[in-house]
file upload.cif (mmCIF, C-alpha atoms (C1' of nucleotides))
data_upload
#
loop_
_atom_site.label_atom_id
_atom_site.label_comp_id
_atom_site.auth_asym_id
_atom_site.auth_seq_id
_atom_site.Cartn_x
_atom_site.Cartn_y
_atom_site.Cartn_z
CA MET A 27 -25.20 -4.46 -24.63
CA ARG A 28 -26.99 -5.56 -21.54
CA PRO A 29 -24.72 -4.99 -18.61
CA ILE A 30 -23.99 -8.66 -18.35
CA SER A 31 -21.77 -10.91 -20.31
CA LYS A 32 -22.94 -14.08 -21.91
CA GLU A 33 -20.71 -16.14 -19.68
CA ALA A 34 -22.22 -14.63 -16.60
CA THR A 35 -25.69 -15.34 -17.84
CA LEU A 36 -24.93 -18.97 -18.28
CA ASP A 37 -22.90 -19.59 -15.19
CA GLU A 38 -23.59 -17.02 -12.56
CA PRO A 39 -26.79 -15.13 -13.08
CA THR A 40 -25.96 -13.00 -10.09
CA GLU A 41 -22.43 -12.30 -11.19
CA GLN A 42 -22.50 -9.39 -13.52
CA GLU A 43 -19.79 -7.74 -15.54
CA PRO A 44 -21.24 -4.38 -16.34
CA ASP A 45 -19.74 -2.48 -19.20
CA PRO A 46 -18.60 0.63 -17.39
CA GLY A 47 -18.74 2.56 -20.64
CA LEU A 48 -22.37 2.00 -21.35
CA ARG A 49 -23.37 2.12 -17.73
CA ALA A 50 -22.12 5.66 -17.84
CA LEU A 51 -25.15 6.31 -20.01
CA LEU A 52 -27.49 5.84 -17.12
CA GLY A 53 -26.22 8.74 -15.09
CA GLY A 54 -24.42 10.50 -17.88
CA THR A 55 -27.23 12.08 -19.79
CA GLU A 56 -28.35 15.63 -19.19
CA ILE A 57 -31.70 14.20 -18.11
CA PRO A 58 -30.49 11.51 -15.75
CA THR A 59 -33.63 10.93 -13.76
CA ALA A 60 -35.93 10.81 -16.72
CA TYR A 61 -33.51 8.60 -18.56
CA LYS A 62 -33.23 6.17 -15.68
CA ILE A 63 -36.96 5.99 -15.28
CA GLY A 64 -37.24 5.27 -18.96
CA TYR A 65 -34.45 2.73 -18.82
CA VAL A 66 -36.12 0.68 -16.14
CA LEU A 67 -39.57 0.97 -17.59
CA ASN A 68 -38.41 0.05 -21.08
CA PHE A 69 -37.31 -3.33 -19.84
CA TYR A 70 -40.55 -3.84 -18.04
CA ARG A 71 -43.10 -2.52 -20.46
CA GLU A 72 -41.92 -3.11 -23.98
CA PRO A 73 -41.22 -6.86 -23.72
CA SER A 74 -44.31 -7.39 -21.58
CA PHE A 75 -46.58 -5.66 -24.05
CA ARG A 76 -44.96 -7.40 -26.98
CA ALA A 77 -45.58 -10.76 -25.37
CA ILE A 78 -49.21 -9.92 -24.69
CA GLU A 79 -49.58 -8.67 -28.21
CA MET A 80 -48.23 -11.88 -29.64
CA GLU A 81 -50.21 -14.15 -27.37
CA PHE A 82 -53.50 -12.30 -27.23
CA GLY A 83 -53.44 -10.07 -30.25
CA LEU A 84 -53.92 -6.92 -28.23
CA THR A 85 -52.23 -3.63 -29.07
CA ARG A 86 -50.75 -1.47 -26.37
CA PRO A 87 -53.69 0.88 -26.10
CA GLU A 88 -56.01 -2.11 -25.89
CA ILE A 89 -53.94 -3.60 -23.09
CA VAL A 90 -53.92 -0.46 -21.02
CA ILE A 91 -57.59 0.28 -21.58
CA LEU A 92 -58.47 -3.17 -20.28
CA LEU A 93 -56.20 -2.46 -17.32
CA ALA A 94 -57.99 0.79 -16.64
CA LEU A 95 -61.46 -0.66 -17.03
CA HIS A 96 -60.58 -3.41 -14.64
CA VAL A 97 -60.04 -0.78 -11.99
CA ARG A 98 -62.95 1.34 -12.94
CA GLU A 99 -65.70 0.69 -15.42
CA GLY A 100 -67.91 3.26 -17.00
CA ILE A 101 -65.20 5.71 -17.95
CA THR A 102 -65.22 7.28 -21.39
CA ALA A 103 -62.52 7.30 -23.99
CA SER A 104 -61.87 10.98 -23.53
CA GLU A 105 -61.62 10.62 -19.77
CA PHE A 106 -59.05 7.94 -20.28
CA CYS A 107 -57.16 10.10 -22.77
CA GLU A 108 -57.16 13.06 -20.47
CA PHE A 109 -56.04 11.02 -17.52
CA SER A 110 -53.41 8.94 -19.20
CA GLY A 111 -52.07 11.27 -21.83
CA HIS A 112 -52.81 8.80 -24.60
CA LEU A 113 -53.95 10.29 -27.86
CA LYS A 114 -57.63 10.18 -28.64
CA ALA A 115 -57.28 8.66 -32.11
CA GLY A 116 -55.34 5.74 -30.70
CA VAL A 117 -57.73 5.26 -27.83
CA SER A 118 -60.69 5.46 -30.16
CA ARG A 119 -59.15 2.90 -32.43
CA ALA A 120 -58.42 0.62 -29.51
CA VAL A 121 -61.93 0.91 -28.15
CA ILE A 122 -63.40 0.06 -31.53
CA ALA A 123 -61.12 -2.96 -31.76
CA LEU A 124 -61.93 -4.09 -28.25
CA GLU A 125 -65.62 -3.88 -28.95
CA LYS A 126 -65.14 -5.81 -32.15
CA LYS A 127 -63.32 -8.48 -30.16
CA ALA A 128 -66.24 -8.44 -27.72
CA LEU A 129 -63.92 -7.55 -24.87
CA VAL A 130 -65.58 -4.21 -24.21
CA ARG A 131 -69.13 -2.87 -24.40
CA ARG A 132 -69.98 0.70 -25.22
CA LYS A 133 -73.00 2.59 -24.00
CA THR A 134 -73.87 6.16 -24.86
CA ASP A 135 -73.77 8.42 -21.85
CA PRO A 136 -77.36 9.51 -21.12
CA VAL A 137 -76.01 12.85 -19.91
CA ASP A 138 -74.09 13.65 -23.07
CA ASN A 139 -74.80 11.89 -26.32
CA ARG A 140 -71.31 12.33 -27.56
CA ARG A 141 -69.80 10.37 -24.77
CA GLN A 142 -69.58 6.62 -24.60
CA LEU A 143 -69.25 4.75 -21.37
CA LEU A 144 -66.99 1.73 -21.55
CA PHE A 145 -67.53 -1.55 -19.78
CA LEU A 146 -65.70 -4.84 -19.69
CA THR A 147 -67.41 -7.93 -20.99
CA ASP A 148 -66.87 -11.30 -19.36
CA ALA A 149 -64.44 -12.12 -22.16
CA GLY A 150 -62.67 -8.87 -21.47
CA ARG A 151 -62.33 -9.76 -17.80
CA GLU A 152 -61.12 -13.18 -18.70
CA ILE A 153 -58.42 -12.05 -21.07
CA TYR A 154 -57.25 -9.58 -18.48
CA GLN A 155 -56.95 -12.43 -15.97
CA ARG A 156 -54.82 -14.26 -18.45
CA TYR A 157 -52.26 -11.55 -19.00
CA ILE A 158 -52.09 -9.86 -15.64
CA PRO A 159 -50.18 -12.61 -13.79
CA MET A 160 -47.19 -12.16 -16.07
CA LEU A 161 -47.29 -8.40 -15.61
CA ARG A 162 -47.47 -8.85 -11.86
CA ALA A 163 -44.65 -11.36 -11.78
CA ARG A 164 -42.44 -9.07 -13.80
CA GLU A 165 -43.25 -6.13 -11.59
CA THR A 166 -42.34 -8.20 -8.57
CA ALA A 167 -39.10 -9.26 -10.20
CA MET A 168 -38.33 -5.69 -11.15
CA LEU A 169 -38.76 -4.54 -7.57
CA GLU A 170 -36.96 -7.43 -5.92
CA CYS A 171 -33.82 -5.38 -5.42
CA LEU A 172 -35.66 -3.02 -3.09
CA SER A 173 -36.45 -3.65 0.53
CA LYS A 174 -39.97 -3.21 1.83
CA PRO A 175 -39.24 0.27 3.17
CA GLU A 176 -37.57 1.20 -0.09
CA ARG A 177 -40.59 0.07 -2.05
CA ARG A 178 -42.81 2.17 0.13
CA GLN A 179 -40.43 5.02 -0.39
CA LEU A 180 -40.59 4.57 -4.15
CA ASP A 181 -44.36 4.45 -4.14
CA ARG A 182 -44.52 7.55 -2.04
CA LEU A 183 -42.26 9.40 -4.43
CA LEU A 184 -44.20 8.12 -7.42
CA ASP A 185 -47.43 9.26 -5.84
CA LYS A 186 -45.93 12.70 -5.46
CA LEU A 187 -44.72 12.73 -9.02
CA GLY A 188 -48.07 11.47 -10.23
CA ALA A 189 -50.01 14.10 -8.35
CA HIS A 190 -47.70 16.78 -9.70
CA VAL A 191 -48.10 15.81 -13.35
CA PRO A 192 -51.02 18.15 -14.08
CA ASN A 193 -48.85 21.06 -13.03
CA TRP A 194 -46.38 20.72 -15.82
CA ALA A 195 -47.61 18.26 -18.38
CA LYS A 196 -49.40 20.65 -20.60
CA ALA A 197 -49.07 19.92 -24.26
CA SER A 198 -49.44 23.57 -25.06
CA GLU A 199 -46.05 24.20 -23.55
CA LEU A 200 -44.34 22.19 -26.20
CA MET B 4 -59.23 13.22 -18.18
CA ARG B 5 -56.34 15.10 -16.77
CA PRO B 6 -56.99 15.55 -13.07
CA ILE B 7 -57.60 19.24 -13.56
CA SER B 8 -60.50 21.15 -14.84
CA LYS B 9 -60.23 23.69 -17.57
CA GLU B 10 -61.16 26.48 -15.21
CA ALA B 11 -58.40 25.57 -12.87
CA THR B 12 -55.92 25.57 -15.67
CA LEU B 13 -56.82 29.07 -16.61
CA ASP B 14 -57.29 30.60 -13.19
CA GLU B 15 -55.44 28.65 -10.56
CA PRO B 16 -52.82 26.41 -12.03
CA THR B 17 -52.08 25.14 -8.54
CA GLU B 18 -55.68 24.47 -7.70
CA GLN B 19 -56.56 21.05 -8.94
CA GLU B 20 -59.78 19.15 -8.97
CA PRO B 21 -58.73 15.57 -9.42
CA ASP B 22 -61.32 13.13 -10.58
CA PRO B 23 -61.22 10.69 -7.69
CA GLY B 24 -62.53 7.95 -9.91
CA LEU B 25 -59.75 8.02 -12.42
CA ARG B 26 -57.14 8.80 -9.82
CA ALA B 27 -58.03 5.45 -8.39
CA LEU B 28 -56.42 4.04 -11.48
CA LEU B 29 -52.99 5.10 -10.31
CA GLY B 30 -52.93 2.93 -7.27
CA GLY B 31 -55.72 0.61 -8.25
CA THR B 32 -54.07 -1.61 -10.80
CA GLU B 33 -52.53 -4.92 -9.92
CA ILE B 34 -49.20 -3.51 -11.00
CA PRO B 35 -49.31 -0.22 -9.14
CA THR B 36 -45.66 0.65 -9.14
CA ALA B 37 -45.08 -0.17 -12.78
CA TYR B 38 -48.23 1.65 -13.71
CA LYS B 39 -47.27 4.76 -11.79
CA ILE B 40 -43.82 4.79 -13.32
CA GLY B 41 -45.41 4.50 -16.72
CA TYR B 42 -47.95 7.17 -15.92
CA VAL B 43 -45.34 9.73 -15.00
CA LEU B 44 -43.02 8.83 -17.81
CA ASN B 45 -45.76 8.90 -20.43
CA PHE B 46 -46.36 12.54 -19.71
CA TYR B 47 -42.69 13.28 -19.91
CA ARG B 48 -41.53 11.20 -22.81
CA GLU B 49 -44.31 10.95 -25.33
CA PRO B 50 -45.06 14.66 -25.74
CA SER B 51 -41.36 15.53 -25.59
CA PHE B 52 -40.46 13.10 -28.30
CA ARG B 53 -43.42 14.10 -30.41
CA ALA B 54 -42.33 17.70 -30.26
CA ILE B 55 -38.77 16.85 -31.21
CA GLU B 56 -40.07 14.68 -34.00
CA MET B 57 -42.15 17.50 -35.38
CA GLU B 58 -39.48 20.14 -35.04
CA PHE B 59 -36.43 18.17 -36.04
CA GLY B 60 -37.79 15.24 -37.96
CA LEU B 61 -36.17 12.71 -35.68
CA THR B 62 -37.82 9.44 -34.72
CA ARG B 63 -37.66 8.17 -31.18
CA PRO B 64 -34.80 5.77 -31.78
CA GLU B 65 -32.87 8.54 -33.50
CA ILE B 66 -33.42 10.85 -30.54
CA VAL B 67 -32.22 8.37 -27.99
CA ILE B 68 -29.25 7.26 -30.04
CA LEU B 69 -28.09 10.86 -30.27
CA LEU B 70 -28.58 11.08 -26.50
CA ALA B 71 -26.46 8.01 -25.96
CA LEU B 72 -23.72 9.07 -28.34
CA HIS B 73 -23.55 12.40 -26.62
CA VAL B 74 -22.54 10.59 -23.46
CA ARG B 75 -20.29 8.12 -25.11
CA GLU B 76 -19.17 7.90 -28.69
CA GLY B 77 -17.83 4.87 -30.42
CA ILE B 78 -20.48 2.45 -29.25
CA THR B 79 -22.02 0.04 -31.71
CA ALA B 80 -25.65 -0.46 -32.58
CA SER B 81 -25.73 -3.84 -30.93
CA GLU B 82 -24.16 -2.50 -27.76
CA PHE B 83 -26.83 0.12 -27.63
CA CYS B 84 -29.52 -2.48 -28.23
CA GLU B 85 -28.23 -4.74 -25.55
CA PHE B 86 -27.91 -1.94 -23.08
CA SER B 87 -31.15 -0.19 -23.73
CA GLY B 88 -33.44 -3.02 -24.70
CA HIS B 89 -34.31 -1.40 -28.02
CA LEU B 90 -34.77 -3.78 -30.90
CA LYS B 91 -31.94 -4.10 -33.34
CA ALA B 92 -34.02 -3.55 -36.45
CA GLY B 93 -35.24 -0.25 -35.14
CA VAL B 94 -31.81 0.82 -34.01
CA SER B 95 -30.33 -0.20 -37.33
CA ARG B 96 -32.93 1.83 -39.18
CA ALA B 97 -32.34 4.81 -36.97
CA VAL B 98 -28.62 4.64 -37.44
CA ILE B 99 -29.02 4.47 -41.20
CA ALA B 100 -31.32 7.48 -41.10
CA LEU B 101 -28.99 9.43 -38.83
CA GLU B 102 -26.11 8.79 -41.13
CA LYS B 103 -28.19 9.84 -44.09
CA LYS B 104 -28.98 13.06 -42.25
CA ALA B 105 -25.25 13.45 -41.62
CA LEU B 106 -25.85 13.49 -37.88
CA VAL B 107 -23.85 10.33 -37.26
CA ARG B 108 -20.79 8.75 -38.77
CA ARG B 109 -20.21 5.04 -38.94
CA LYS B 110 -16.85 3.31 -38.90
CA THR B 111 -16.29 -0.41 -39.13
CA ASP B 112 -14.76 -1.83 -35.99
CA PRO B 113 -11.23 -2.95 -36.85
CA VAL B 114 -11.57 -5.78 -34.35
CA ASP B 115 -14.74 -7.20 -35.83
CA ASN B 116 -15.83 -6.40 -39.35
CA ARG B 117 -19.45 -6.90 -38.53
CA ARG B 118 -19.54 -4.16 -35.99
CA GLN B 119 -19.86 -0.48 -36.68
CA LEU B 120 -18.70 2.18 -34.32
CA LEU B 121 -20.94 5.20 -34.17
CA PHE B 122 -19.83 8.78 -33.81
CA LEU B 123 -21.60 12.09 -33.70
CA THR B 124 -20.94 14.63 -36.41
CA ASP B 125 -20.87 18.35 -35.66
CA ALA B 126 -24.38 18.56 -37.04
CA GLY B 127 -25.39 15.74 -34.77
CA ARG B 128 -23.98 17.55 -31.75
CA GLU B 129 -25.69 20.72 -32.82
CA ILE B 130 -29.11 19.20 -33.21
CA TYR B 131 -28.71 17.57 -29.83
CA GLN B 132 -27.96 20.98 -28.31
CA ARG B 133 -31.14 22.26 -29.85
CA TYR B 134 -33.46 19.68 -28.36
CA ILE B 135 -31.85 18.92 -25.02
CA PRO B 136 -32.80 22.18 -23.27
CA MET B 137 -36.47 21.37 -23.61
CA LEU B 138 -35.94 17.87 -22.30
CA ARG B 139 -34.00 19.24 -19.36
CA ALA B 140 -36.58 21.86 -18.60
CA ARG B 141 -39.33 19.30 -18.61
CA GLU B 142 -37.35 16.97 -16.40
CA THR B 143 -36.83 19.83 -13.98
CA ALA B 144 -40.52 20.64 -14.05
CA MET B 145 -41.41 17.02 -13.54
CA LEU B 146 -39.23 16.80 -10.45
CA GLU B 147 -40.22 20.14 -8.97
CA CYS B 148 -42.55 18.50 -6.51
CA LEU B 149 -39.69 16.70 -4.83
CA SER B 150 -37.30 18.19 -2.34
CA LYS B 151 -33.57 17.85 -2.84
CA PRO B 152 -33.32 14.90 -0.44
CA GLU B 153 -36.28 13.29 -2.15
CA ARG B 154 -34.67 13.65 -5.53
CA ARG B 155 -31.53 12.06 -4.21
CA GLN B 156 -33.69 9.33 -2.79
CA LEU B 157 -35.38 8.78 -6.11
CA ASP B 158 -32.08 8.67 -7.94
CA ARG B 159 -30.72 6.20 -5.46
CA LEU B 160 -33.74 3.95 -5.90
CA LEU B 161 -33.56 4.27 -9.66
CA ASP B 162 -29.89 3.38 -9.60
CA LYS B 163 -30.78 0.26 -7.67
CA LEU B 164 -33.55 -0.61 -10.06
CA GLY B 165 -31.29 0.05 -13.01
CA ALA B 166 -28.51 -2.11 -11.71
CA HIS B 167 -30.98 -4.89 -11.02
CA VAL B 168 -32.48 -4.93 -14.51
CA PRO B 169 -30.11 -7.56 -15.91
CA ASN B 170 -31.29 -9.95 -13.23
CA TRP B 171 -34.83 -10.19 -14.47
CA ALA B 172 -35.15 -8.55 -17.84
CA LYS B 173 -34.46 -11.52 -19.96
CA ALA B 174 -36.55 -11.72 -23.07
CA SER B 175 -36.39 -15.47 -23.02
CA GLU B 176 -38.59 -15.48 -19.97
CA LEU B 177 -41.53 -14.13 -21.87
"C1'" DC C 1 -81.63 33.03 -28.42
"C1'" DG C 2 -78.45 32.05 -31.98
"C1'" DA C 3 -73.94 31.73 -33.70
"C1'" DA C 4 -69.38 30.48 -32.75
"C1'" DA C 5 -66.39 27.64 -30.25
"C1'" DT C 6 -65.39 23.45 -28.09
"C1'" DT C 7 -65.79 18.63 -27.24
"C1'" DG C 8 -66.15 13.41 -28.21
"C1'" DG C 9 -65.31 10.15 -31.19
"C1'" DT C 10 -64.10 8.28 -35.98
"C1'" DC C 11 -61.70 8.17 -40.25
"C1'" DT C 12 -57.91 8.77 -43.74
"C1'" DC C 13 -53.32 9.04 -44.94
"C1'" DA C 14 -48.61 8.95 -43.92
"C1'" DT C 15 -45.11 7.28 -41.22
"C1'" DA C 16 -43.17 4.60 -37.47
"C1'" DT C 17 -42.33 0.07 -35.65
"C1'" DT C 18 -42.24 -5.07 -35.22
"C1'" DA C 19 -41.38 -9.95 -36.68
"C1'" DG C 20 -38.89 -12.55 -39.23
"C1'" DA C 21 -35.87 -13.46 -43.09
"C1'" DC C 22 -31.42 -12.71 -45.02
"C1'" DT C 23 -26.23 -12.07 -45.77
"C1'" DT C 24 -21.79 -11.74 -44.00
"C1'" DT C 25 -18.59 -12.23 -40.35
"C1'" DT C 26 -17.03 -14.35 -36.29
"C1'" DC C 27 -17.06 -17.88 -32.73
"C1'" DA C 28 -17.18 -22.54 -30.93
"C1'" DA C 29 -16.83 -27.43 -31.27
"C1'" DT C 30 -14.86 -31.44 -33.26
"C1'" DA D 21 -8.85 -27.20 -40.48
"C1'" DT D 22 -13.72 -27.60 -41.08
"C1'" DT D 23 -18.39 -27.09 -40.07
"C1'" DG D 24 -22.25 -25.55 -37.59
"C1'" DA D 25 -23.91 -21.97 -34.62
"C1'" DA D 26 -24.21 -17.38 -33.29
"C1'" DA D 27 -23.68 -12.44 -33.89
"C1'" DA D 28 -24.10 -7.78 -36.45
"C1'" DG D 29 -26.53 -5.29 -39.32
"C1'" DT D 30 -30.08 -4.67 -43.20
"C1'" DC D 31 -34.29 -5.52 -45.56
"C1'" DT D 32 -39.29 -6.79 -46.46
"C1'" DA D 33 -43.98 -7.17 -45.34
"C1'" DA D 34 -47.42 -6.42 -42.06
"C1'" DT D 35 -49.26 -3.81 -38.56
"C1'" DA D 36 -49.33 -0.10 -35.17
"C1'" DT D 37 -49.55 4.78 -34.40
"C1'" DG D 38 -49.67 9.93 -35.10
"C1'" DA D 39 -51.47 14.22 -37.48
"C1'" DG D 40 -55.08 16.25 -39.06
"C1'" DA D 41 -59.64 16.35 -41.06
"C1'" DC D 42 -64.34 15.52 -40.22
"C1'" DC D 43 -69.15 15.35 -38.19
"C1'" DA D 44 -72.40 15.68 -34.56
"C1'" DA D 45 -73.42 17.07 -29.89
"C1'" DT D 46 -72.74 20.32 -26.39
"C1'" DT D 47 -71.09 24.56 -24.36
"C1'" DT D 48 -69.95 29.32 -24.42
"C1'" DC D 49 -70.60 34.02 -25.38
"C1'" DG D 50 -72.63 38.25 -27.14
#

call {"tool": "encode", "arguments": {"input": "upload.cif", "output": "structure tokens"}}
result
Amino acid sequence: MRPISKEATLDEPTEQEPDPGLRALLGGTEIPTAYKIGYVLNFYREPSFRAIEMEFGLTRPEIVILLALHVREGITASEFCEFSGHLKAGVSRAVIALEKKALVRRKTDPVDNRRQLLFLTDAGREIYQRYIPMLRARETAMLECLSKPERRQLDRLLDKLGAHVPNWAKASEL
Amino acid sequence: MRPISKEATLDEPTEQEPDPGLRALLGGTEIPTAYKIGYVLNFYREPSFRAIEMEFGLTRPEIVILLALHVREGITASEFCEFSGHLKAGVSRAVIALEKKALVRRKTDPVDNRRQLLFLTDAGREIYQRYIPMLRARETAMLECLSKPERRQLDRLLDKLGAHVPNWAKASEL
DNA sequence: CGAAATTGGTCTCATATTAGACTTTTCAAT
DNA sequence: ATTGAAAAGTCTAATATGAGACCAATTTCG
């Protein structure tokens, strides 16, 4: 169970009664770091995406593609796949859906007829603006336990990890 | 695409040619930290789990339940759900499948007839031993870019984040 | 230059996963 | 003691997602 008791939730949100047994899971696996990263992210991402899905009818790939296009338009599906590690069939499906929902526009790349450049529509931008505040708020809440320096520290480490990904994340090694 | 070119992969695995445009995604979203965590973890978890799924016929929930039981046996499905944030239907289904595969044993909790205590079978332990080395190796590879102190730093930050989860990760807030 | 290989995107089929309903057991309130 | 509410686990129906096949465009190689 969540490392809180029901009583604590109702009376003292800051007073926790962790179950030592299950908390042992966090550091007890043979892949402690990966597990902990997954543990934290699971609580952030899964409920967030489920809520967006219920409220806006967007699937996970759709959500993240809108996120990506908000940062940079004109990328192609395959670029996004390559960058993010998402599978091309899923991305393709999401792009088709997004276009059908008029949230995204596709334009064949003049340089390579196979490629399609993706752009946000106004509706796409708008729906993004409607779901991003919740994601931001939850990120803020998630990071509240860290001081400013610690957050910078975390970001620095994550940048390192992110930059290192191409060195080991080769599907052929599996 | 992955921030490497094909040539680099073949010739100079350490020589990368990041696409600046897509790399902007990493820090460019409005949820940079969450996104970066997800970015790194996606490359670790998704391919790993897919490989295990293909080789051992285990679904993601099955994989993680075996992981958890390896650390601590005798937990119940609901305890695992509460702790990990996984949904009970999925966990229930996984437990049923694991028992069917004779990887897990279930025993009704004498204290509460609704609850079922979960235990690994020998086969369950064995299959775990067959997939964990790959997960460990990939975790090691993932963390190779960090020095020892940095890894300790990361673990410390993750422990903080993990301990803080119960303070904000309430589904009712969504 | 032409054939073979690779790439970009889409589709089909099978399987995984979610929401919500359901049953039984246990807890809480009166 | 009784009743209503909540918890634990399972099931159903709908939908999401992965594997692999496919086709067309482009690149690679002899």

call {"tool": "atom_distance", "arguments": {"input": "upload.cif", "atom1": "atom CA of A:Met160", "atom2": "atom CA of A:Leu124"}}
result
20.8 Å

call {"tool": "interface_residues", "arguments": {"input": "upload.cif", "of": "chain D", "to": "chain B", "cutoff": "12 Å", "atoms": "only C-alpha atoms (C1' of nucleotides)", "output": "list in words"}}
result
DA27, DA28, DG29, DT30, DC31, DT32, DT37, DG38 and DA39 of chain D

call {"tool": "atom_distance", "arguments": {"input": "upload.cif", "atom1": "atom C1' of C:DG2", "atom2": "atom C1' of D:DC42"}}
result
23.2 Å

call {"tool": "atom_distance", "arguments": {"input": "upload.cif", "atom1": "atom CA of B:Gly77", "atom2": "atom CA of A:Leu51"}}
result
12.8 Å

call {"tool": "interface_residues", "arguments": {"input": "upload.cif", "of": "chain C", "to": "chain A", "cutoff": "12 Å", "atoms": "only C-alpha atoms (C1' of nucleotides)", "output": "ChimeraX atom specification"}}
result
/C:7-12,17-19

call {"tool": "closest_residue", "arguments": {"input": "upload.cif", "among": "B:Pro64, B:Gly88, B:Gly93, B:Pro152", "to": "chain A", "atoms": "all atoms listed in the file"}}
result
B:Gly88

call {"tool": "resolve_selection", "arguments": {"input": "upload.cif", "expression": "the PyMOL selection byres ((chain D and resi 25) around 10)", "output": "ChimeraX atom specification"}}
result
/C:27-29 /D:23-24,26-27

call {"tool": "residues_around", "arguments": {"input": "upload.cif", "residues": "stretch 60-71 of chain A", "least_positions_apart": "4", "cutoff": "10 Å", "atoms": "all atoms listed in the file", "output": "JSON, numbers by chain"}}
result
{"A": [51, 52, 53, 54, 55, 56, 75, 76, 77, 86, 161, 164, 165, 167, 168], "B": [37, 38, 40, 41, 43, 44, 45, 47, 48, 67, 70, 86, 87, 88, 89, 138, 139, 141, 142, 143, 145, 146, 157, 158, 161, 162, 164, 165, 166, 167, 168, 169, 171, 172, 173, 174]}

call {"tool": "write_last_selection", "arguments": {"input": "upload.cif", "atoms": "C-alpha atoms", "output": "PDB file, in the frame of the given file"}}
result
ATOM      1  CA  LEU A  51     -25.150   6.310 -20.010  1.00  0.00           C
ATOM      2  CA  LEU A  52     -27.490   5.840 -17.120  1.00  0.00           C
ATOM      3  CA  GLY A  53     -26.220   8.740 -15.090  1.00  0.00           C
ATOM      4  CA  GLY A  54     -24.420  10.500 -17.880  1.00  0.00           C
ATOM      5  CA  THR A  55     -27.230  12.080 -19.790  1.00  0.00           C
ATOM      6  CA  GLU A  56     -28.350  15.630 -19.190  1.00  0.00           C
ATOM      7  CA  PHE A  75     -46.580  -5.660 -24.050  1.00  0.00           C
ATOM      8  CA  ARG A  76     -44.960  -7.400 -26.980  1.00  0.00           C
ATOM      9  CA  ALA A  77     -45.580 -10.760 -25.370  1.00  0.00           C
ATOM     10  CA  ARG A  86     -50.750  -1.470 -26.370  1.00  0.00           C
ATOM     11  CA  LEU A 161     -47.290  -8.400 -15.610  1.00  0.00           C
ATOM     12  CA  ARG A 164     -42.440  -9.070 -13.800  1.00  0.00           C
ATOM     13  CA  GLU A 165     -43.250  -6.130 -11.590  1.00  0.00           C
ATOM     14  CA  ALA A 167     -39.100  -9.260 -10.200  1.00  0.00           C
ATOM     15  CA  MET A 168     -38.330  -5.690 -11.150  1.00  0.00           C
TER      16      MET A 168
ATOM     17  CA  ALA B  37     -45.080  -0.170 -12.780  1.00  0.00           C
ATOM     18  CA  TYR B  38     -48.230   1.650 -13.710  1.00  0.00           C
ATOM     19  CA  ILE B  40     -43.820   4.790 -13.320  1.00  0.00           C
ATOM     20  CA  GLY B  41     -45.410   4.500 -16.720  1.00  0.00           C
ATOM     21  CA  VAL B  43     -45.340   9.730 -15.000  1.00  0.00           C
ATOM     22  CA  LEU B  44     -43.020   8.830 -17.810  1.00  0.00           C
ATOM     23  CA  ASN B  45     -45.760   8.900 -20.430  1.00  0.00           C
ATOM     24  CA  TYR B  47     -42.690  13.280 -19.910  1.00  0.00           C
ATOM     25  CA  ARG B  48     -41.530  11.200 -22.810  1.00  0.00           C
ATOM     26  CA  VAL B  67     -32.220   8.370 -27.990  1.00  0.00           C
ATOM     27  CA  LEU B  70     -28.580  11.080 -26.500  1.00  0.00           C
ATOM     28  CA  PHE B  86     -27.910  -1.940 -23.080  1.00  0.00           C
ATOM     29  CA  SER B  87     -31.150  -0.190 -23.730  1.00  0.00           C
ATOM     30  CA  GLY B  88     -33.440  -3.020 -24.700  1.00  0.00           C
ATOM     31  CA  HIS B  89     -34.310  -1.400 -28.020  1.00  0.00           C
ATOM     32  CA  LEU B 138     -35.940  17.870 -22.300  1.00  0.00           C
ATOM     33  CA  ARG B 139     -34.000  19.240 -19.360  1.00  0.00           C
ATOM     34  CA  ARG B 141     -39.330  19.300 -18.610  1.00  0.00           C
ATOM     35  CA  GLU B 142     -37.350  16.970 -16.400  1.00  0.00           C
ATOM     36  CA  THR B 143     -36.830  19.830 -13.980  1.00  0.00           C
ATOM     37  CA  MET B 145     -41.410  17.020 -13.540  1.00  0.00           C
ATOM     38  CA  LEU B 146     -39.230  16.800 -10.450  1.00  0.00           C
ATOM     39  CA  LEU B 157     -35.380   8.780  -6.110  1.00  0.00           C
ATOM     40  CA  ASP B 158     -32.080   8.670  -7.940  1.00  0.00           C
ATOM     41  CA  LEU B 161     -33.560   4.270  -9.660  1.00  0.00           C
ATOM     42  CA  ASP B 162     -29.890   3.380  -9.600  1.00  0.00           C
ATOM     43  CA  LEU B 164     -33.550  -0.610 -10.060  1.00  0.00           C
ATOM     44  CA  GLY B 165     -31.290   0.050 -13.010  1.00  0.00           C
ATOM     45  CA  ALA B 166     -28.510  -2.110 -11.710  1.00  0.00           C
ATOM     46  CA  HIS B 167     -30.980  -4.890 -11.020  1.00  0.00           C
ATOM     47  CA  VAL B 168     -32.480  -4.930 -14.510  1.00  0.00           C
ATOM     48  CA  PRO B 169     -30.110  -7.560 -15.910  1.00  0.00           C
ATOM     49  CA  TRP B 171     -34.830 -10.190 -14.470  1.00  0.00           C
ATOM     50  CA  ALA B 172     -35.150  -8.550 -17.840  1.00  0.00           C
ATOM     51  CA  LYS B 173     -34.460 -11.520 -19.960  1.00  0.00           C
ATOM     52  CA  ALA B 174     -36.550 -11.720 -23.070  1.00  0.00           C
TER      53      ALA B 174
END

call {"tool": "closest_residue", "arguments": {"input": "upload.cif", "among": "B:Val98, B:Ala71, B:Met57, B:Leu106", "to": "chain A", "atoms": "all atoms listed in the file"}}
result
B:Ala71
